[in-house]
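Visitor: upload24.pdb is reproduced below (PDB, C-alpha atoms, pLDDT in the B column).
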```pdb
MODEL        1
ATOM      1  CA  MET A  16      97.666 116.604 161.267  1.00 48.00           C
ATOM      2  CA  THR A  17      99.691 116.313 158.061  1.00 50.00           C
ATOM      3  CA  ASP A  18     101.973 118.943 156.683  1.00 49.00           C
ATOM      4  CA  ASN A  19     101.306 119.638 152.948  1.00 51.00           C
ATOM      5  CA  LYS A  20     104.510 121.581 152.420  1.00 52.00           C
ATOM      6  CA  LYS A  21     106.905 119.973 150.024  1.00 54.00           C
ATOM      7  CA  ASP A  22     110.566 120.104 150.670  1.00 56.00           C
ATOM      8  CA  LYS A  23     112.302 122.275 148.134  1.00 60.00           C
ATOM      9  CA  GLN A  24     114.750 120.233 146.202  1.00 63.00           C
ATOM     10  CA  THR A  25     117.770 122.018 144.831  1.00 70.00           C
ATOM     11  CA  ASN A  26     119.537 120.510 141.893  1.00 79.00           C
ATOM     12  CA  THR A  27     123.064 121.732 141.603  1.00 87.00           C
ATOM     13  CA  MET A  28     125.624 120.722 139.083  1.00 86.00           C
ATOM     14  CA  THR A  29     129.182 119.955 139.921  1.00 91.00           C
ATOM     15  CA  ASP A  30     131.916 121.795 138.077  1.00 90.00           C
ATOM     16  CA  GLU A  31     132.646 118.634 136.131  1.00 91.00           C
ATOM     17  CA  GLU A  32     129.007 118.299 135.010  1.00 91.00           C
ATOM     18  CA  LEU A  33     128.883 121.975 134.092  1.00 92.00           C
ATOM     19  CA  ASN A  34     132.075 121.648 132.041  1.00 91.00           C
ATOM     20  CA  LEU A  35     130.673 118.603 130.253  1.00 92.00           C
ATOM     21  CA  LEU A  36     127.464 120.470 129.434  1.00 92.00           C
ATOM     22  CA  SER A  37     129.465 123.472 128.175  1.00 92.00           C
ATOM     23  CA  ILE A  38     131.549 121.249 125.913  1.00 90.00           C
ATOM     24  CA  LYS A  39     128.420 119.647 124.475  1.00 90.00           C
ATOM     25  CA  LEU A  40     126.810 123.044 123.839  1.00 90.00           C
ATOM     26  CA  VAL A  41     129.868 124.465 122.124  1.00 88.00           C
ATOM     27  CA  SER A  42     130.275 121.284 120.081  1.00 88.00           C
ATOM     28  CA  ARG A  43     126.691 121.477 118.828  1.00 86.00           C
ATOM     29  CA  MET A  44     126.973 125.171 118.077  1.00 87.00           C
ATOM     30  CA  MET A  45     130.151 124.542 116.052  1.00 87.00           C
ATOM     31  CA  LYS A  46     128.445 121.723 114.155  1.00 86.00           C
ATOM     32  CA  ILE A  47     125.515 124.012 113.317  1.00 85.00           C
ATOM     33  CA  GLN A  48     127.898 126.775 112.190  1.00 85.00           C
ATOM     34  CA  THR A  49     129.865 124.343 110.035  1.00 87.00           C
ATOM     35  CA  MET A  50     126.688 123.000 108.466  1.00 85.00           C
ATOM     36  CA  THR A  51     125.485 126.543 107.767  1.00 85.00           C
ATOM     37  CA  GLU A  52     128.765 127.462 106.078  1.00 84.00           C
ATOM     38  CA  TRP A  53     128.683 124.253 104.032  1.00 80.00           C
ATOM     39  CA  TYR A  54     125.096 124.918 102.949  1.00 81.00           C
ATOM     40  CA  GLU A  55     125.894 128.493 101.952  1.00 81.00           C
ATOM     41  CA  HIS A  56     128.916 127.312  99.971  1.00 78.00           C
ATOM     42  CA  VAL A  57     127.081 124.495  98.225  1.00 77.00           C
ATOM     43  CA  SER A  58     123.925 126.471  97.514  1.00 78.00           C
ATOM     44  CA  SER A  59     125.901 129.178  95.721  1.00 77.00           C
ATOM     45  CA  SER A  60     127.668 126.780  93.341  1.00 80.00           C
ATOM     46  CA  ASP A  61     126.870 126.627  89.633  1.00 82.00           C
ATOM     47  CA  ILE A  62     125.572 123.070  89.917  1.00 84.00           C
ATOM     48  CA  ALA A  63     123.220 124.045  92.733  1.00 81.00           C
ATOM     49  CA  GLU A  64     121.904 126.914  90.635  1.00 81.00           C
ATOM     50  CA  GLN A  65     121.200 124.532  87.751  1.00 83.00           C
ATOM     51  CA  VAL A  66     119.456 122.045  90.053  1.00 82.00           C
ATOM     52  CA  MET A  67     117.332 124.766  91.642  1.00 80.00           C
ATOM     53  CA  ASP A  68     116.411 126.163  88.222  1.00 79.00           C
ATOM     54  CA  LYS A  69     115.399 122.694  87.071  1.00 83.00           C
ATOM     55  CA  GLN A  70     113.261 122.196  90.197  1.00 84.00           C
ATOM     56  CA  LEU A  71     111.364 125.396  89.411  1.00 86.00           C
ATOM     57  CA  ASN A  72     110.133 123.618  86.286  1.00 89.00           C
ATOM     58  CA  MET A  73     109.303 126.934  84.622  1.00 88.00           C
ATOM     59  CA  THR A  74     107.588 127.195  81.299  1.00 89.00           C
ATOM     60  CA  GLU A  75     109.270 129.070  78.476  1.00 88.00           C
ATOM     61  CA  GLU A  76     106.884 131.973  79.092  1.00 90.00           C
ATOM     62  CA  GLU A  77     107.677 132.141  82.817  1.00 91.00           C
ATOM     63  CA  ASP A  78     111.397 132.097  82.090  1.00 89.00           C
ATOM     64  CA  ALA A  79     110.949 134.845  79.486  1.00 92.00           C
ATOM     65  CA  ILE A  80     109.012 137.028  81.939  1.00 93.00           C
ATOM     66  CA  GLY A  81     111.824 136.628  84.473  1.00 92.00           C
ATOM     67  CA  ASN A  82     114.330 137.667  81.823  1.00 92.00           C
ATOM     68  CA  VAL A  83     112.234 140.730  80.935  1.00 94.00           C
ATOM     69  CA  ALA A  84     112.334 141.847  84.553  1.00 95.00           C
ATOM     70  CA  ARG A  85     116.068 141.199  84.735  1.00 95.00           C
ATOM     71  CA  TYR A  86     117.006 143.078  81.570  1.00 95.00           C
ATOM     72  CA  MET A  87     114.684 146.001  82.306  1.00 95.00           C
ATOM     73  CA  THR A  88     116.248 146.363  85.750  1.00 96.00           C
ATOM     74  CA  LEU A  89     119.748 146.182  84.297  1.00 96.00           C
ATOM     75  CA  MET A  90     118.865 148.651  81.561  1.00 95.00           C
ATOM     76  CA  ASN A  91     117.617 151.163  84.168  1.00 95.00           C
ATOM     77  CA  LEU A  92     120.769 150.642  86.226  1.00 96.00           C
ATOM     78  CA  PHE A  93     123.047 151.178  83.226  1.00 96.00           C
ATOM     79  CA  GLU A  94     121.034 154.180  82.093  1.00 95.00           C
ATOM     80  CA  ASP A  95     121.508 155.823  85.500  1.00 95.00           C
ATOM     81  CA  LYS A  96     125.250 155.192  85.181  1.00 95.00           C
ATOM     82  CA  GLU A  97     125.176 156.550  81.607  1.00 95.00           C
ATOM     83  CA  GLU A  98     126.553 153.250  80.269  1.00 95.00           C
ATOM     84  CA  TYR A  99     124.597 153.368  77.044  1.00 94.00           C
ATOM     85  CA  GLU A 100     126.419 150.531  75.270  1.00 96.00           C
ATOM     86  CA  LYS A 101     125.259 148.179  78.018  1.00 95.00           C
ATOM     87  CA  CYS A 102     121.755 149.623  77.678  1.00 94.00           C
ATOM     88  CA  ALA A 103     121.820 148.754  73.990  1.00 95.00           C
ATOM     89  CA  ILE A 104     122.809 145.158  74.783  1.00 95.00           C
ATOM     90  CA  CYS A 105     119.949 144.897  77.284  1.00 95.00           C
ATOM     91  CA  LYS A 106     117.586 146.300  74.652  1.00 95.00           C
ATOM     92  CA  LEU A 107     118.681 143.609  72.187  1.00 95.00           C
ATOM     93  CA  LYS A 108     118.166 140.950  74.847  1.00 94.00           C
ATOM     94  CA  LEU A 109     114.702 142.360  75.591  1.00 94.00           C
ATOM     95  CA  ASP A 110     113.809 142.269  71.899  1.00 94.00           C
ATOM     96  CA  ASN A 111     114.770 138.582  71.743  1.00 92.00           C
ATOM     97  CA  VAL A 112     112.735 137.800  74.865  1.00 92.00           C
ATOM     98  CA  ASN A 113     109.733 139.685  73.472  1.00 90.00           C
ATOM     99  CA  LYS A 114     109.872 137.495  70.364  1.00 89.00           C
ATOM    100  CA  ILE A 115     109.434 134.466  72.639  1.00 87.00           C
ATOM    101  CA  LEU A 116     106.528 136.103  74.471  1.00 88.00           C
ATOM    102  CA  ASN A 117     104.786 137.083  71.234  1.00 91.00           C
ATOM    103  CA  LYS A 118     104.680 133.498  69.926  1.00 79.00           C
TER     104      LYS A 118
ENDMDL
END
```
Would you mind writing the structure in this file as structure tokens?
Guide:
Amino acid sequence: MTDNKKDKQTNTMTDEELNLLSIKLVSRMMKIQTMTEWYEHVSSSDIAEQVMDKQLNMTEEEDAIGNVARYMTLMNLFEDKEEYEKCAICKLKLDNVNKILNK
């Protein structure tokens, strides 16, 4: 008669192996954090903004529509703050954008 029970195998790590694993984990986490900080720094630069805008490959109409949304939002914000001179500037900007859209 054969016994089908398998011996339970316990894998234990030595303190040295555990320390090595901990060092590797912390090292990788630091590398990820550093890469994240670098990406955030680079992606917020003026050059990155220009590159991203170029990659959008927007038409003049699409760009104008984005500007309409921007200036309308700003105009509402300035109106709530009773900064009417800034509202007037936004209105002028909107008029210029509307000329592009009406072509």
Visitor: Enter the distance from atom CA of A:Glu94 to atom CA of A:Asp110, in Å, rounded to one decimal.
Guide: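 Interatomic distance here is 17.3 Å.
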Visitor: Show me, as a VMD selection string, the residues that have an atom within 12 Å of A:Lys108 when counting all atoms listed in the file, minus same-chain residues fewer than 2 positions from it.
Guide: chain A and resid 79 82 to 87 89 to 90 101 to 106 110 to 115
Visitor: Which value, in Å to one decimal, gives the distance between atom CA of A:Asn72 and atom CA of A:Ser58?
Guide: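 Computed distance, atom CA of A:Asn72 to atom CA of A:Ser58, equals 18.0 Å.
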Visitor: To one decimal place in Å, what is the distance between atom CA of A:Leu71 and atom CA of A:Asn117?
Guide: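 Atom CA of A:Leu71 sits 22.6 Å away from atom CA of A:Asn117.
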Visitor: Write out N, CA and C atoms for stretch 50-69 of chain A, as a PDB file, in the coordinates of the input.
Guide:
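Writing done, so here's out_27.pdb:
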```pdb
ATOM      1  N   MET A  50     127.721 123.401 109.408  1.00 85.00           N
ATOM      2  CA  MET A  50     126.688 123.000 108.466  1.00 85.00           C
ATOM      3  C   MET A  50     126.147 124.206 107.705  1.00 85.00           C
ATOM      4  N   THR A  51     125.979 125.320 108.398  1.00 85.00           N
ATOM      5  CA  THR A  51     125.485 126.543 107.767  1.00 85.00           C
ATOM      6  C   THR A  51     126.468 127.028 106.705  1.00 85.00           C
ATOM      7  N   GLU A  52     127.754 127.031 107.039  1.00 84.00           N
ATOM      8  CA  GLU A  52     128.765 127.462 106.078  1.00 84.00           C
ATOM      9  C   GLU A  52     128.799 126.526 104.873  1.00 84.00           C
ATOM     10  N   TRP A  53     128.697 125.217 105.121  1.00 80.00           N
ATOM     11  CA  TRP A  53     128.683 124.253 104.032  1.00 80.00           C
ATOM     12  C   TRP A  53     127.480 124.495 103.127  1.00 80.00           C
ATOM     13  N   TYR A  54     126.310 124.686 103.735  1.00 81.00           N
ATOM     14  CA  TYR A  54     125.096 124.918 102.949  1.00 81.00           C
ATOM     15  C   TYR A  54     125.224 126.171 102.100  1.00 81.00           C
ATOM     16  N   GLU A  55     125.736 127.246 102.694  1.00 81.00           N
ATOM     17  CA  GLU A  55     125.894 128.493 101.952  1.00 81.00           C
ATOM     18  C   GLU A  55     126.863 128.316 100.796  1.00 81.00           C
ATOM     19  N   HIS A  56     127.930 127.559 101.025  1.00 78.00           N
ATOM     20  CA  HIS A  56     128.916 127.312  99.971  1.00 78.00           C
ATOM     21  C   HIS A  56     128.313 126.478  98.846  1.00 78.00           C
ATOM     22  N   VAL A  57     127.650 125.401  99.218  1.00 77.00           N
ATOM     23  CA  VAL A  57     127.081 124.495  98.225  1.00 77.00           C
ATOM     24  C   VAL A  57     125.935 125.152  97.466  1.00 77.00           C
ATOM     25  N   SER A  58     125.095 125.887  98.172  1.00 78.00           N
ATOM     26  CA  SER A  58     123.925 126.471  97.514  1.00 78.00           C
ATOM     27  C   SER A  58     124.292 127.583  96.540  1.00 78.00           C
ATOM     28  N   SER A  59     125.502 128.111  96.641  1.00 77.00           N
ATOM     29  CA  SER A  59     125.901 129.178  95.721  1.00 77.00           C
ATOM     30  C   SER A  59     126.726 128.654  94.549  1.00 77.00           C
ATOM     31  N   SER A  60     126.887 127.346  94.442  1.00 80.00           N
ATOM     32  CA  SER A  60     127.668 126.780  93.341  1.00 80.00           C
ATOM     33  C   SER A  60     126.843 126.775  92.053  1.00 80.00           C
ATOM     34  N   ASP A  61     127.538 126.653  90.937  1.00 82.00           N
ATOM     35  CA  ASP A  61     126.870 126.627  89.633  1.00 82.00           C
ATOM     36  C   ASP A  61     125.946 125.419  89.499  1.00 82.00           C
ATOM     37  N   ILE A  62     126.395 124.288  90.002  1.00 84.00           N
ATOM     38  CA  ILE A  62     125.572 123.070  89.917  1.00 84.00           C
ATOM     39  C   ILE A  62     124.292 123.234  90.725  1.00 84.00           C
ATOM     40  N   ALA A  63     124.411 123.824  91.903  1.00 81.00           N
ATOM     41  CA  ALA A  63     123.220 124.045  92.733  1.00 81.00           C
ATOM     42  C   ALA A  63     122.244 124.973  92.035  1.00 81.00           C
ATOM     43  N   GLU A  64     122.764 125.992  91.381  1.00 81.00           N
ATOM     44  CA  GLU A  64     121.904 126.914  90.635  1.00 81.00           C
ATOM     45  C   GLU A  64     121.146 126.174  89.543  1.00 81.00           C
ATOM     46  N   GLN A  65     121.842 125.298  88.818  1.00 83.00           N
ATOM     47  CA  GLN A  65     121.200 124.532  87.751  1.00 83.00           C
ATOM     48  C   GLN A  65     120.120 123.610  88.311  1.00 83.00           C
ATOM     49  N   VAL A  66     120.426 122.956  89.435  1.00 82.00           N
ATOM     50  CA  VAL A  66     119.456 122.045  90.053  1.00 82.00           C
ATOM     51  C   VAL A  66     118.232 122.811  90.522  1.00 82.00           C
ATOM     52  N   MET A  67     118.463 123.965  91.160  1.00 80.00           N
ATOM     53  CA  MET A  67     117.332 124.766  91.642  1.00 80.00           C
ATOM     54  C   MET A  67     116.484 125.278  90.481  1.00 80.00           C
ATOM     55  N   ASP A  68     117.158 125.703  89.398  1.00 79.00           N
ATOM     56  CA  ASP A  68     116.411 126.163  88.222  1.00 79.00           C
ATOM     57  C   ASP A  68     115.564 125.036  87.643  1.00 79.00           C
ATOM     58  N   LYS A  69     116.137 123.842  87.604  1.00 83.00           N
ATOM     59  CA  LYS A  69     115.399 122.694  87.071  1.00 83.00           C
ATOM     60  C   LYS A  69     114.194 122.367  87.959  1.00 83.00           C
TER      61      LYS A  69
END
```
